[in-house]
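Asker: A single structure is presented below for examination.
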Amino acid sequence: MTDTPERTIPDPQLNRRSFLKGCTAVAAALGISEAMIPKLVEAATSAQRPPVIWLHFQECTGCTESLLRASHPDIARLILDVISLDYHETIMVPSGHQAEKSLHDTLDKYAGKFLLVVEGAIPTKDKGIYCKIAGRTAMDILAEVAPKAAAIIAMGSCAAYGGIQAASPNPTGAVGVQDLVSGTPVVNIPGCPPNPVSFMGTVLHYLTFKRLPVLDNLGRPLFAYGRRIHDHCERRAHFDEGRFAEEFGDYGHRNGYCLYKVGCKGPGTFSNCPSARFNDVDVWPVSVGHGCVGCTEPDFWDTMTPFYERLPNVNIPGIAGITNIDKAGKTILGVAAAAVGIHAAIGIGKSMVTGCGCKDKK
Amino acid sequence: MIYEKHYVWSILLRLYHWAMAGSIVALSVTGFYIFNPWTLTNLEGTGLFPMMTMRNIHMLAAYLFTGAIVARLFLFIFGNKQERVWDVLPITPRNIKNLIDTLGAYMYLTDHHDEDRLGHNVLAGMTYVTTIFVGFIQIIAGFYLWLPESSFWQKLGNIIFGTQQFGRYIHHLLMWYFLLFALIHIYLVIWNDLKNPDGLVSSIFTGNKFRHREVK
């Protein structure tokens, strides 16, 4: 039932075959044995599986879109059919008061049991007035829902670390979920957007093993964010052998050489993109000729930009205008060399006038 | 005029010095290559691994540099009189006076030379302590960039630098400190050797310095 040339509109129903395919894809992403797949299937079909509340704050809905794109229908339908999605502003049927009612029904009925997914950053400045839903601020909604959740999945770089809203100068005081919530476990699934496989892997891991996957120091599951992009990149051999694209469209770029010199941030970015890839068509940014922009890392809008340079333009506090440290370094070294020359010349001049200033003069 | 020979620098300090000097040269050259690889190996299948080789040299030199910094930290506490940290910081009246005298001498205002001091002058000592500290930060940044999968380095690096990319930025920035230091260090060592015939330059090879006495 996956897409064929004859059928481009996906079947809205999840059949057994694509269900098992989706579970297998998730098991592969999680790196668990195929012997565990029946347990995943069992957990995913269990009648006791927890409902999910999906909150949208300061976001572009790109994370939801990335899940729903029909080019990976197995995962998308798995998400929609397997998890009991009780509140999701983009795709739920109710609207207005009915939507709010379904949110509060779930909160009351499943307190302490449901999974909360948050998409988007939460503005905190001026008491959070920069993001309001149904007349309430995002901060207010999160403060009500989060303590009642069994676990929280921060979906996307905005919910995890603030994303573009939190980029300097961060006019709305946007922060990620982990900065506002304490007491409820938070899993970050950063990315702009994140790979649906990483999200589904986390959910199914929770359903199957009744606990969250192992996290790194930034709250990201290790199965998806434990390895550096650079170390699993198909262009890595070109890096080691010193073959680089010098600019887009040149000989090296056309021959698939390493994108390091056009600013690829793979060496500083952690994600499963090179192995999980996207959209069931086995592509990811580097495979189609664009360097990684580091979207799974905290503050990536501030530190990974400019995207086509190796190092960020950071203004050194107190020294305005220094953005290129190599230029600054050369200038400082040149000034120091000139100072050394002047100092030596003064010494020579002085000794010519007053005689040798040294100790063993006779 | 007679010259008394004094053993000033221990073998460990001299090893530290040359390990540091050699590794800074190697680290800067390979670091520049890693930052902006200037070769282009367009022939495929030649078995040339310029980036890999540069990285290997960088890591090897990094361990030498780390060993040097650790040795110097050890000598700051357990070294001989000249090597200990409290002999070179302006924390005693004698050292503060030396600092002022040194600044005066460097500005060609006085010709005073501390006859009872065999080790570093206090200005140099302060700079060396700063350099060791900068080297320590540089090591943490380096291991954070090299071994980010290790939970220890990831945690430490995230606390100090926040992100990988900022760690990379600091790592690159601090390299310029070492180049600046090397320039001024070499100049002032030669300057001092010309001014005071105590054998400053050769002391880092032999460990000996000379103190001169007037003979009646």
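Going through the structure tokens in order, the chains are called A, B, and so on, while each chain numbers its residues from 1 and the ligands are numbered from 1 in the order shown.
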Which residues of chain B are close to chain A, meaning at most 9 Å apart when you count only C-alpha atoms, and how do they look as a compact mmCIF listing (two decimals) with all heavy atoms, in the first residue's frame?
Answerer:
```txt
# COMPACT_ATOMS: atom_id res chain seq x y z
N MET B 1 85.51 40.76 37.92
CA MET B 1 84.16 40.20 37.69
C MET B 1 84.24 38.69 37.55
O MET B 1 84.98 38.19 36.71
CB MET B 1 83.58 40.82 36.41
CG MET B 1 82.17 40.39 36.12
SD MET B 1 80.97 41.49 36.83
CE MET B 1 80.97 42.84 35.66
N PHE B 35 41.54 23.74 9.73
CA PHE B 35 40.53 24.80 9.59
C PHE B 35 40.27 25.11 8.12
O PHE B 35 39.12 25.24 7.71
CB PHE B 35 41.02 26.06 10.32
CG PHE B 35 40.17 27.27 10.07
CD1 PHE B 35 38.87 27.32 10.54
CD2 PHE B 35 40.66 28.35 9.36
CE1 PHE B 35 38.08 28.42 10.30
CE2 PHE B 35 39.88 29.45 9.13
CZ PHE B 35 38.58 29.48 9.60
N ASN B 36 41.33 25.20 7.34
CA ASN B 36 41.16 25.56 5.94
C ASN B 36 42.13 24.74 5.10
O ASN B 36 43.22 25.21 4.79
CB ASN B 36 41.40 27.06 5.76
CG ASN B 36 41.15 27.50 4.34
OD1 ASN B 36 40.50 26.79 3.56
ND2 ASN B 36 41.69 28.65 3.97
N PRO B 37 41.78 23.50 4.76
CA PRO B 37 42.70 22.63 4.03
C PRO B 37 43.08 23.23 2.67
O PRO B 37 42.22 23.40 1.81
CB PRO B 37 41.93 21.33 3.87
CG PRO B 37 40.52 21.67 4.14
CD PRO B 37 40.50 22.84 5.04
N TRP B 38 44.37 23.56 2.52
CA TRP B 38 44.78 24.32 1.33
C TRP B 38 45.22 23.42 0.19
O TRP B 38 45.48 23.90 -0.89
CB TRP B 38 45.89 25.30 1.70
CG TRP B 38 47.11 24.66 2.29
CD1 TRP B 38 48.08 23.98 1.61
CD2 TRP B 38 47.49 24.64 3.66
NE1 TRP B 38 49.03 23.54 2.49
CE2 TRP B 38 48.72 23.93 3.75
CE3 TRP B 38 46.94 25.16 4.84
CZ2 TRP B 38 49.38 23.72 4.97
CZ3 TRP B 38 47.61 24.93 6.03
CH2 TRP B 38 48.80 24.22 6.09
N THR B 39 45.34 22.12 0.44
CA THR B 39 45.69 21.23 -0.66
C THR B 39 44.41 20.75 -1.33
O THR B 39 43.32 20.85 -0.78
CB THR B 39 46.46 20.01 -0.17
OG1 THR B 39 45.63 19.26 0.71
CG2 THR B 39 47.73 20.40 0.52
N LEU B 40 44.55 20.22 -2.52
CA LEU B 40 43.40 19.65 -3.21
C LEU B 40 43.87 18.36 -3.87
O LEU B 40 44.65 18.38 -4.81
CB LEU B 40 42.85 20.63 -4.24
CG LEU B 40 41.52 20.20 -4.86
CD1 LEU B 40 40.45 20.08 -3.79
CD2 LEU B 40 41.08 21.20 -5.90
N THR B 41 43.42 17.23 -3.32
CA THR B 41 43.84 15.93 -3.83
C THR B 41 42.84 15.50 -4.89
O THR B 41 41.98 14.66 -4.63
CB THR B 41 43.89 14.90 -2.69
OG1 THR B 41 44.42 15.54 -1.54
CG2 THR B 41 44.78 13.73 -3.05
N ASN B 42 42.95 16.07 -6.07
CA ASN B 42 41.94 15.75 -7.07
C ASN B 42 42.09 14.36 -7.65
O ASN B 42 41.13 13.78 -8.13
CB ASN B 42 41.97 16.78 -8.20
CG ASN B 42 40.94 17.87 -7.96
OD1 ASN B 42 40.02 17.68 -7.15
ND2 ASN B 42 41.08 18.99 -8.62
N LEU B 43 43.30 13.83 -7.60
CA LEU B 43 43.49 12.46 -8.07
C LEU B 43 42.90 11.51 -7.05
O LEU B 43 43.31 11.51 -5.90
CB LEU B 43 44.98 12.16 -8.24
CG LEU B 43 45.63 12.61 -9.54
CD1 LEU B 43 47.11 12.31 -9.50
CD2 LEU B 43 44.99 11.91 -10.73
N GLU B 44 41.95 10.71 -7.48
CA GLU B 44 41.34 9.80 -6.53
C GLU B 44 42.11 8.48 -6.51
O GLU B 44 42.75 8.09 -7.47
CB GLU B 44 39.88 9.56 -6.93
CG GLU B 44 39.06 10.83 -6.75
CD GLU B 44 37.60 10.65 -7.05
OE1 GLU B 44 37.10 9.54 -6.85
OE2 GLU B 44 36.98 11.63 -7.49
N GLY B 45 42.04 7.80 -5.39
CA GLY B 45 42.68 6.49 -5.27
C GLY B 45 44.18 6.56 -5.18
O GLY B 45 44.87 5.58 -5.45
N THR B 46 44.72 7.74 -4.80
CA THR B 46 46.18 7.83 -4.70
C THR B 46 46.68 7.36 -3.35
O THR B 46 47.87 7.16 -3.16
CB THR B 46 46.63 9.28 -4.89
OG1 THR B 46 45.84 10.11 -4.03
CG2 THR B 46 46.46 9.73 -6.32
N GLY B 47 45.77 7.19 -2.41
CA GLY B 47 46.20 6.77 -1.08
C GLY B 47 46.82 7.90 -0.28
O GLY B 47 47.41 7.66 0.76
N LEU B 48 46.72 9.13 -0.77
CA LEU B 48 47.18 10.26 0.02
C LEU B 48 46.08 10.63 1.01
O LEU B 48 44.91 10.74 0.62
CB LEU B 48 47.46 11.47 -0.88
CG LEU B 48 48.67 11.37 -1.81
CD1 LEU B 48 48.62 12.52 -2.79
CD2 LEU B 48 49.95 11.40 -1.01
N PHE B 49 46.46 10.82 2.23
CA PHE B 49 45.45 11.19 3.22
C PHE B 49 45.90 12.47 3.92
O PHE B 49 46.23 12.44 5.10
CB PHE B 49 45.27 10.06 4.24
CG PHE B 49 44.47 8.91 3.71
CD1 PHE B 49 45.10 7.89 3.02
CD2 PHE B 49 43.11 8.86 3.87
CE1 PHE B 49 44.37 6.83 2.53
CE2 PHE B 49 42.37 7.80 3.38
CZ PHE B 49 43.00 6.79 2.69
N PRO B 50 45.93 13.59 3.22
CA PRO B 50 46.48 14.80 3.86
C PRO B 50 45.70 15.20 5.10
O PRO B 50 46.30 15.52 6.13
CB PRO B 50 46.38 15.85 2.75
CG PRO B 50 45.41 15.31 1.76
CD PRO B 50 45.52 13.83 1.83
N MET B 51 44.38 15.21 5.02
CA MET B 51 43.59 15.64 6.17
C MET B 51 43.77 14.67 7.33
O MET B 51 43.96 15.06 8.48
CB MET B 51 42.11 15.75 5.78
CG MET B 51 41.20 16.18 6.90
SD MET B 51 41.65 17.73 7.68
CE MET B 51 40.65 18.88 6.77
N MET B 52 43.74 13.37 7.01
CA MET B 52 43.91 12.36 8.06
C MET B 52 45.28 12.51 8.71
O MET B 52 45.41 12.46 9.94
CB MET B 52 43.77 10.99 7.40
CG MET B 52 43.20 9.93 8.27
SD MET B 52 41.55 10.33 8.79
CE MET B 52 41.79 10.42 10.55
N THR B 53 46.32 12.72 7.88
CA THR B 53 47.67 12.85 8.41
C THR B 53 47.78 14.09 9.29
O THR B 53 48.32 14.02 10.40
CB THR B 53 48.67 12.95 7.24
OG1 THR B 53 48.38 11.91 6.31
CG2 THR B 53 50.10 12.83 7.71
N TYR B 106 61.67 47.47 31.07
CA TYR B 106 61.15 47.23 29.72
C TYR B 106 60.80 48.54 29.02
O TYR B 106 60.73 48.62 27.81
CB TYR B 106 59.92 46.32 29.77
CG TYR B 106 60.27 44.85 29.96
CD1 TYR B 106 59.27 43.90 30.11
CD2 TYR B 106 61.59 44.41 29.99
CE1 TYR B 106 59.58 42.55 30.28
CE2 TYR B 106 61.91 43.08 30.17
CZ TYR B 106 60.90 42.14 30.32
OH TYR B 106 61.20 40.84 30.49
N MET B 107 60.52 49.58 29.82
CA MET B 107 60.21 50.88 29.22
C MET B 107 61.47 51.74 29.14
O MET B 107 61.36 52.96 28.92
CB MET B 107 59.12 51.58 30.04
CG MET B 107 57.76 50.93 29.84
SD MET B 107 56.43 51.85 30.61
CE MET B 107 56.61 51.41 32.32
N TYR B 108 62.63 51.16 29.33
CA TYR B 108 63.93 51.84 29.27
C TYR B 108 64.04 52.97 30.29
O TYR B 108 64.70 53.97 30.06
CB TYR B 108 64.18 52.43 27.87
CG TYR B 108 64.24 51.37 26.78
CD1 TYR B 108 63.25 51.29 25.82
CD2 TYR B 108 65.31 50.47 26.73
CE1 TYR B 108 63.31 50.34 24.82
CE2 TYR B 108 65.36 49.51 25.74
CZ TYR B 108 64.36 49.45 24.78
OH TYR B 108 64.42 48.51 23.81
N ASP B 111 67.81 50.73 34.73
CA ASP B 111 68.66 49.63 34.31
C ASP B 111 68.75 48.59 35.41
O ASP B 111 69.65 47.76 35.44
CB ASP B 111 70.07 50.15 33.98
CG ASP B 111 70.15 50.61 32.54
OD1 ASP B 111 69.30 50.16 31.75
OD2 ASP B 111 71.03 51.42 32.22
N HIS B 113 68.50 45.49 37.77
CA HIS B 113 68.36 44.05 37.59
C HIS B 113 68.42 43.39 38.96
O HIS B 113 69.35 43.63 39.72
CB HIS B 113 69.46 43.50 36.68
CG HIS B 113 69.33 42.04 36.40
ND1 HIS B 113 68.23 41.52 35.76
CD2 HIS B 113 70.15 41.00 36.68
CE1 HIS B 113 68.38 40.20 35.65
NE2 HIS B 113 69.54 39.86 36.21
N LEU B 145 36.02 18.94 21.13
CA LEU B 145 35.77 18.86 19.69
C LEU B 145 36.11 17.48 19.15
O LEU B 145 35.48 17.00 18.21
CB LEU B 145 36.60 19.91 18.95
CG LEU B 145 36.22 21.35 19.21
CD1 LEU B 145 37.19 22.28 18.52
CD2 LEU B 145 34.81 21.62 18.74
N PRO B 148 33.49 14.26 21.28
CA PRO B 148 32.22 14.73 21.83
C PRO B 148 31.25 13.60 22.17
O PRO B 148 30.27 13.82 22.86
CB PRO B 148 31.66 15.61 20.72
CG PRO B 148 32.24 15.05 19.48
CD PRO B 148 33.58 14.49 19.85
N GLU B 149 31.54 12.39 21.67
CA GLU B 149 30.65 11.28 22.02
C GLU B 149 30.87 10.84 23.46
O GLU B 149 30.03 10.17 24.05
CB GLU B 149 30.86 10.09 21.09
CG GLU B 149 30.11 10.19 19.78
CD GLU B 149 31.00 10.72 18.66
OE1 GLU B 149 32.13 11.13 18.96
OE2 GLU B 149 30.53 10.72 17.51
N SER B 151 30.73 11.11 27.19
CA SER B 151 29.82 11.87 28.05
C SER B 151 30.58 12.88 28.89
O SER B 151 30.11 14.00 29.10
CB SER B 151 29.03 10.91 28.94
OG SER B 151 28.08 11.61 29.68
N GLN B 154 31.61 15.85 26.72
CA GLN B 154 30.41 16.56 26.28
C GLN B 154 29.86 17.43 27.42
O GLN B 154 29.53 18.60 27.24
CB GLN B 154 29.35 15.57 25.81
CG GLN B 154 28.20 16.27 25.11
CD GLN B 154 27.05 15.33 24.81
OE1 GLN B 154 26.65 14.53 25.64
NE2 GLN B 154 26.52 15.41 23.60
N LYS B 155 29.81 16.82 28.61
CA LYS B 155 29.25 17.55 29.75
C LYS B 155 30.13 18.75 30.09
O LYS B 155 29.64 19.87 30.22
CB LYS B 155 29.13 16.60 30.95
CG LYS B 155 28.33 17.16 32.09
CD LYS B 155 28.14 16.13 33.19
CE LYS B 155 26.77 15.52 33.16
NZ LYS B 155 26.64 14.40 34.10
N ASN B 158 29.97 21.38 27.34
CA ASN B 158 28.70 22.09 27.30
C ASN B 158 28.61 23.12 28.42
O ASN B 158 28.02 24.18 28.26
CB ASN B 158 27.53 21.11 27.43
CG ASN B 158 27.30 20.35 26.15
OD1 ASN B 158 27.83 20.69 25.11
ND2 ASN B 158 26.52 19.30 26.22
N GLY B 162 29.11 25.76 25.95
CA GLY B 162 27.71 25.77 25.53
C GLY B 162 27.46 24.87 24.33
O GLY B 162 26.72 23.91 24.42
N THR B 163 28.09 25.20 23.20
CA THR B 163 27.86 24.40 22.01
C THR B 163 29.19 24.02 21.37
O THR B 163 30.22 24.65 21.60
CB THR B 163 27.04 25.18 20.97
OG1 THR B 163 27.79 26.33 20.58
CG2 THR B 163 25.70 25.64 21.53
N GLN B 164 29.15 22.98 20.54
CA GLN B 164 30.31 22.54 19.78
C GLN B 164 30.91 23.69 18.97
O GLN B 164 32.12 23.89 18.93
CB GLN B 164 29.87 21.44 18.78
CG GLN B 164 29.76 20.08 19.39
CD GLN B 164 31.09 19.36 19.37
OE1 GLN B 164 31.77 19.33 18.38
NE2 GLN B 164 31.46 18.81 20.49
N GLN B 165 30.04 24.41 18.33
CA GLN B 165 30.51 25.43 17.40
C GLN B 165 31.18 26.58 18.16
O GLN B 165 32.17 27.12 17.69
CB GLN B 165 29.31 25.94 16.59
CG GLN B 165 29.63 26.71 15.34
CD GLN B 165 30.39 25.92 14.29
OE1 GLN B 165 30.67 24.74 14.45
NE2 GLN B 165 30.77 26.58 13.23
N PHE B 166 30.67 26.91 19.33
CA PHE B 166 31.33 27.95 20.11
C PHE B 166 32.65 27.45 20.67
O PHE B 166 33.62 28.18 20.75
CB PHE B 166 30.41 28.45 21.24
CG PHE B 166 30.82 29.79 21.76
CD1 PHE B 166 30.71 30.92 20.97
CD2 PHE B 166 31.34 29.92 23.05
CE1 PHE B 166 31.13 32.16 21.44
CE2 PHE B 166 31.74 31.16 23.52
CZ PHE B 166 31.63 32.27 22.72
N ARG B 168 34.56 25.38 19.10
CA ARG B 168 35.46 25.46 17.94
C ARG B 168 35.98 26.88 17.76
O ARG B 168 37.15 27.10 17.50
CB ARG B 168 34.69 25.00 16.69
CG ARG B 168 35.48 25.02 15.41
CD ARG B 168 34.74 24.31 14.29
NE ARG B 168 34.88 22.88 14.38
CZ ARG B 168 33.94 22.03 14.76
NH1 ARG B 168 32.74 22.46 15.06
NH2 ARG B 168 34.17 20.75 14.83
N TYR B 169 35.07 27.84 17.96
CA TYR B 169 35.43 29.25 17.84
C TYR B 169 36.50 29.62 18.88
O TYR B 169 37.52 30.23 18.56
CB TYR B 169 34.16 30.08 18.02
CG TYR B 169 34.36 31.57 17.99
CD1 TYR B 169 34.49 32.23 16.79
CD2 TYR B 169 34.41 32.30 19.18
CE1 TYR B 169 34.66 33.60 16.76
CE2 TYR B 169 34.59 33.65 19.15
CZ TYR B 169 34.71 34.31 17.95
OH TYR B 169 34.90 35.66 17.92
N HIS B 172 39.91 28.13 18.13
CA HIS B 172 40.60 28.85 17.07
C HIS B 172 41.12 30.20 17.59
O HIS B 172 42.24 30.61 17.29
CB HIS B 172 39.64 29.06 15.90
CG HIS B 172 40.31 29.50 14.65
ND1 HIS B 172 40.80 28.62 13.72
CD2 HIS B 172 40.60 30.73 14.17
CE1 HIS B 172 41.36 29.29 12.72
NE2 HIS B 172 41.24 30.57 12.97
N LEU B 173 40.30 30.87 18.36
CA LEU B 173 40.68 32.19 18.90
C LEU B 173 41.91 32.08 19.79
O LEU B 173 42.84 32.87 19.69
CB LEU B 173 39.50 32.77 19.68
CG LEU B 173 39.63 34.19 20.20
CD1 LEU B 173 39.54 35.16 19.05
CD2 LEU B 173 38.54 34.48 21.21
N TRP B 176 45.49 32.04 18.42
CA TRP B 176 46.13 33.33 18.16
C TRP B 176 46.83 33.85 19.40
O TRP B 176 47.84 34.55 19.30
CB TRP B 176 45.11 34.34 17.63
CG TRP B 176 44.77 34.10 16.20
CD1 TRP B 176 43.64 33.52 15.71
CD2 TRP B 176 45.59 34.40 15.08
NE1 TRP B 176 43.70 33.45 14.35
CE2 TRP B 176 44.89 33.98 13.93
CE3 TRP B 176 46.85 34.98 14.91
CZ2 TRP B 176 45.40 34.12 12.64
CZ3 TRP B 176 47.35 35.12 13.63
CH2 TRP B 176 46.63 34.70 12.51
N TYR B 177 46.29 33.53 20.59
CA TYR B 177 46.99 33.93 21.82
C TYR B 177 48.39 33.31 21.85
O TYR B 177 49.37 33.97 22.18
CB TYR B 177 46.19 33.50 23.06
CG TYR B 177 47.00 33.70 24.33
CD1 TYR B 177 47.08 34.94 24.93
CD2 TYR B 177 47.73 32.65 24.88
CE1 TYR B 177 47.85 35.15 26.05
CE2 TYR B 177 48.51 32.84 26.01
CZ TYR B 177 48.57 34.09 26.59
OH TYR B 177 49.35 34.29 27.68
N LEU B 179 50.28 32.28 19.35
CA LEU B 179 51.17 32.88 18.36
C LEU B 179 51.67 34.24 18.85
O LEU B 179 52.86 34.55 18.73
CB LEU B 179 50.44 33.04 17.02
CG LEU B 179 50.01 31.74 16.33
CD1 LEU B 179 49.49 32.03 14.94
CD2 LEU B 179 51.16 30.74 16.26
N LEU B 180 50.75 35.01 19.44
CA LEU B 180 51.14 36.32 19.98
C LEU B 180 52.15 36.14 21.11
O LEU B 180 53.18 36.82 21.19
CB LEU B 180 49.87 37.03 20.49
CG LEU B 180 50.03 38.46 20.95
CD1 LEU B 180 50.35 39.35 19.76
CD2 LEU B 180 48.75 38.94 21.63
N LEU B 183 55.68 35.23 19.80
CA LEU B 183 56.39 36.38 19.24
C LEU B 183 57.03 37.22 20.35
O LEU B 183 58.24 37.51 20.34
CB LEU B 183 55.42 37.23 18.42
CG LEU B 183 55.97 38.54 17.88
CD1 LEU B 183 56.83 38.28 16.67
CD2 LEU B 183 54.85 39.51 17.55
N ILE B 184 56.21 37.60 21.34
CA ILE B 184 56.69 38.49 22.40
C ILE B 184 57.70 37.76 23.28
O ILE B 184 58.72 38.32 23.69
CB ILE B 184 55.49 39.03 23.21
CG1 ILE B 184 54.63 39.90 22.30
CG2 ILE B 184 55.96 39.83 24.40
CD1 ILE B 184 53.32 40.32 22.91
N TYR B 187 61.11 37.56 21.55
CA TYR B 187 61.75 38.87 21.52
C TYR B 187 62.30 39.25 22.90
O TYR B 187 63.46 39.65 23.03
CB TYR B 187 60.76 39.93 21.05
CG TYR B 187 61.29 41.34 21.22
CD1 TYR B 187 62.35 41.79 20.44
CD2 TYR B 187 60.79 42.19 22.20
CE1 TYR B 187 62.88 43.05 20.60
CE2 TYR B 187 61.31 43.46 22.38
CZ TYR B 187 62.35 43.90 21.58
OH TYR B 187 62.87 45.14 21.76
N LEU B 188 61.50 39.09 23.94
CA LEU B 188 61.93 39.56 25.26
C LEU B 188 63.05 38.70 25.83
O LEU B 188 63.89 39.19 26.58
CB LEU B 188 60.73 39.59 26.22
CG LEU B 188 59.79 40.78 26.00
CD1 LEU B 188 58.62 40.72 26.97
CD2 LEU B 188 60.54 42.10 26.17
N TRP B 191 66.07 40.02 24.18
CA TRP B 191 66.31 41.36 24.74
C TRP B 191 66.98 41.26 26.11
O TRP B 191 67.97 41.91 26.39
CB TRP B 191 64.96 42.06 24.84
CG TRP B 191 65.00 43.51 25.25
CD1 TRP B 191 65.11 44.58 24.42
CD2 TRP B 191 64.91 44.03 26.57
NE1 TRP B 191 65.09 45.75 25.14
CE2 TRP B 191 64.98 45.45 26.47
CE3 TRP B 191 64.79 43.47 27.84
CZ2 TRP B 191 64.92 46.27 27.58
CZ3 TRP B 191 64.73 44.30 28.96
CH2 TRP B 191 64.80 45.70 28.81
N LEU B 194 70.57 40.06 25.96
CA LEU B 194 71.51 41.11 25.57
C LEU B 194 71.79 42.05 26.74
O LEU B 194 72.90 42.52 26.92
CB LEU B 194 70.92 41.91 24.41
CG LEU B 194 70.87 41.20 23.06
CD1 LEU B 194 70.00 41.98 22.09
CD2 LEU B 194 72.28 41.04 22.50
N LYS B 195 70.77 42.31 27.54
CA LYS B 195 70.91 43.29 28.64
C LYS B 195 71.70 42.72 29.81
O LYS B 195 72.53 43.39 30.39
CB LYS B 195 69.51 43.69 29.15
CG LYS B 195 68.83 44.67 28.23
CD LYS B 195 69.09 46.06 28.72
CE LYS B 195 68.50 47.07 27.75
NZ LYS B 195 69.02 48.41 28.05
N ASN B 196 71.39 41.47 30.16
CA ASN B 196 71.96 40.90 31.37
C ASN B 196 72.69 39.61 31.03
O ASN B 196 72.06 38.64 30.64
CB ASN B 196 70.88 40.59 32.40
CG ASN B 196 70.06 41.81 32.71
OD1 ASN B 196 70.58 42.79 33.21
ND2 ASN B 196 68.78 41.74 32.37
N PRO B 197 73.98 39.58 31.18
CA PRO B 197 74.72 38.39 30.74
C PRO B 197 74.63 37.25 31.76
O PRO B 197 75.63 36.83 32.32
CB PRO B 197 76.14 38.92 30.60
CG PRO B 197 76.22 40.01 31.59
CD PRO B 197 74.86 40.64 31.67
N HIS B 212 76.76 37.34 38.42
CA HIS B 212 78.09 37.95 38.40
C HIS B 212 78.38 38.72 39.69
O HIS B 212 77.49 39.31 40.30
CB HIS B 212 78.29 38.83 37.18
CG HIS B 212 77.04 39.50 36.72
ND1 HIS B 212 76.11 38.87 35.95
CD2 HIS B 212 76.59 40.75 36.93
CE1 HIS B 212 75.12 39.70 35.70
NE2 HIS B 212 75.38 40.83 36.29
```
Asker: If you run DSSP on this backbone, which residues of range 182-271 of chain A come out as strand (DSSP E), and could you give them as a PyMOL selection string?
Answerer: chain A and resi 186-189
Asker: Would you list, as a PyMOL selection string, the residues of range 171-277 of chain A that end up in helix (DSSP H, G or I) under DSSP run on this structure's backbone?
Answerer: chain A and resi 177-179+196-209+222-225+229-232+236-240+251-254+260-262+266-268+273-276
Asker: Find the distance between CA of Val262 in chain A and CA of Gly31 in chain B and write it in Å to one decimal.
Answerer: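 Separating CA of Val262 in chain A from CA of Gly31 in chain B is a distance of 17.8 Å.
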Asker: What's the 10 Å shell around Glu234 in chain A, counting only C-alpha atoms, without same-chain residues fewer than 6 positions away, as a PyMOL selection string?
Answerer: chain A and resi 256-258+274-275+286-287
Asker: Pull N, CA, C and O atoms from the residues just selected and write them as an mmCIF file, in the first residue's frame.
Answerer:
```cif
data_model
loop_
_atom_site.group_PDB
_atom_site.id
_atom_site.type_symbol
_atom_site.label_atom_id
_atom_site.label_comp_id
_atom_site.auth_asym_id
_atom_site.auth_seq_id
_atom_site.Cartn_x
_atom_site.Cartn_y
_atom_site.Cartn_z
ATOM 1 N N GLY A 256 30.893 15.213 -6.013
ATOM 2 C CA GLY A 256 30.492 14.677 -4.712
ATOM 3 C C GLY A 256 31.558 14.744 -3.649
ATOM 4 O O GLY A 256 31.577 13.941 -2.729
ATOM 5 N N TYR A 257 32.467 15.722 -3.758
ATOM 6 C CA TYR A 257 33.522 15.834 -2.750
ATOM 7 C C TYR A 257 32.948 16.400 -1.450
ATOM 8 O O TYR A 257 31.804 16.864 -1.384
ATOM 9 N N CYS A 258 33.807 16.400 -0.435
ATOM 10 C CA CYS A 258 33.390 16.839 0.899
ATOM 11 C C CYS A 258 32.998 18.321 0.887
ATOM 12 O O CYS A 258 33.634 19.147 0.235
ATOM 13 N N PRO A 274 22.603 10.767 8.431
ATOM 14 C CA PRO A 274 23.270 9.977 7.393
ATOM 15 C C PRO A 274 22.800 8.524 7.344
ATOM 16 O O PRO A 274 22.906 7.880 6.304
ATOM 17 N N SER A 275 22.304 8.003 8.462
ATOM 18 C CA SER A 275 21.872 6.607 8.447
ATOM 19 C C SER A 275 20.355 6.481 8.316
ATOM 20 O O SER A 275 19.863 5.664 7.542
ATOM 21 N N VAL A 286 23.188 16.503 2.947
ATOM 22 C CA VAL A 286 24.540 16.347 2.396
ATOM 23 C C VAL A 286 24.528 15.457 1.153
ATOM 24 O O VAL A 286 25.304 15.666 0.216
ATOM 25 N N SER A 287 23.633 14.489 1.110
ATOM 26 C CA SER A 287 23.610 13.598 -0.050
ATOM 27 C C SER A 287 23.165 14.317 -1.308
ATOM 28 O O SER A 287 23.475 13.885 -2.406
#
```
Asker: Looking at only C-alpha atoms, which of B:Tyr3, B:Phe133, B:Tyr16, B:Trp146 is the one that sits closest to Leu75 in chain B?
Answerer: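 Selected residue with least distance to Leu75 in chain B: B:Tyr16.
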Asker: What does the distance between CA of Ile189 in chain A and CA of Leu55 in chain A come to in Å, to one decimal place?
Answerer: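 We find that CA of Ile189 in chain A and CA of Leu55 in chain A lie 14.7 Å from each other.
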Asker: Need to verify the contact set: Val70 in chain B, 10 Å, only C-alpha atoms, exclusion of same-chain residues closer than 5 positions in sequence. Can you return it as a VMD selection string?
Answerer: chain B and resid 16 64 to 65 75 to 76 132 136
Asker: Enter the distance from CA of Ser271 in chain A to CA of Ile229 in chain A, in Å, rounded to one decimal.
Answerer: 5.9 Å
Asker: Give the answer as one residue: which of B:Gly142, B:Gly67, B:Gly104, B:Gly125 has the shortest atom-to-atom distance to Arg84 in chain B, using only C-alpha atoms?
Answerer: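 Checking each candidate against Arg84 in chain B, we get B:Gly125 as the closest.
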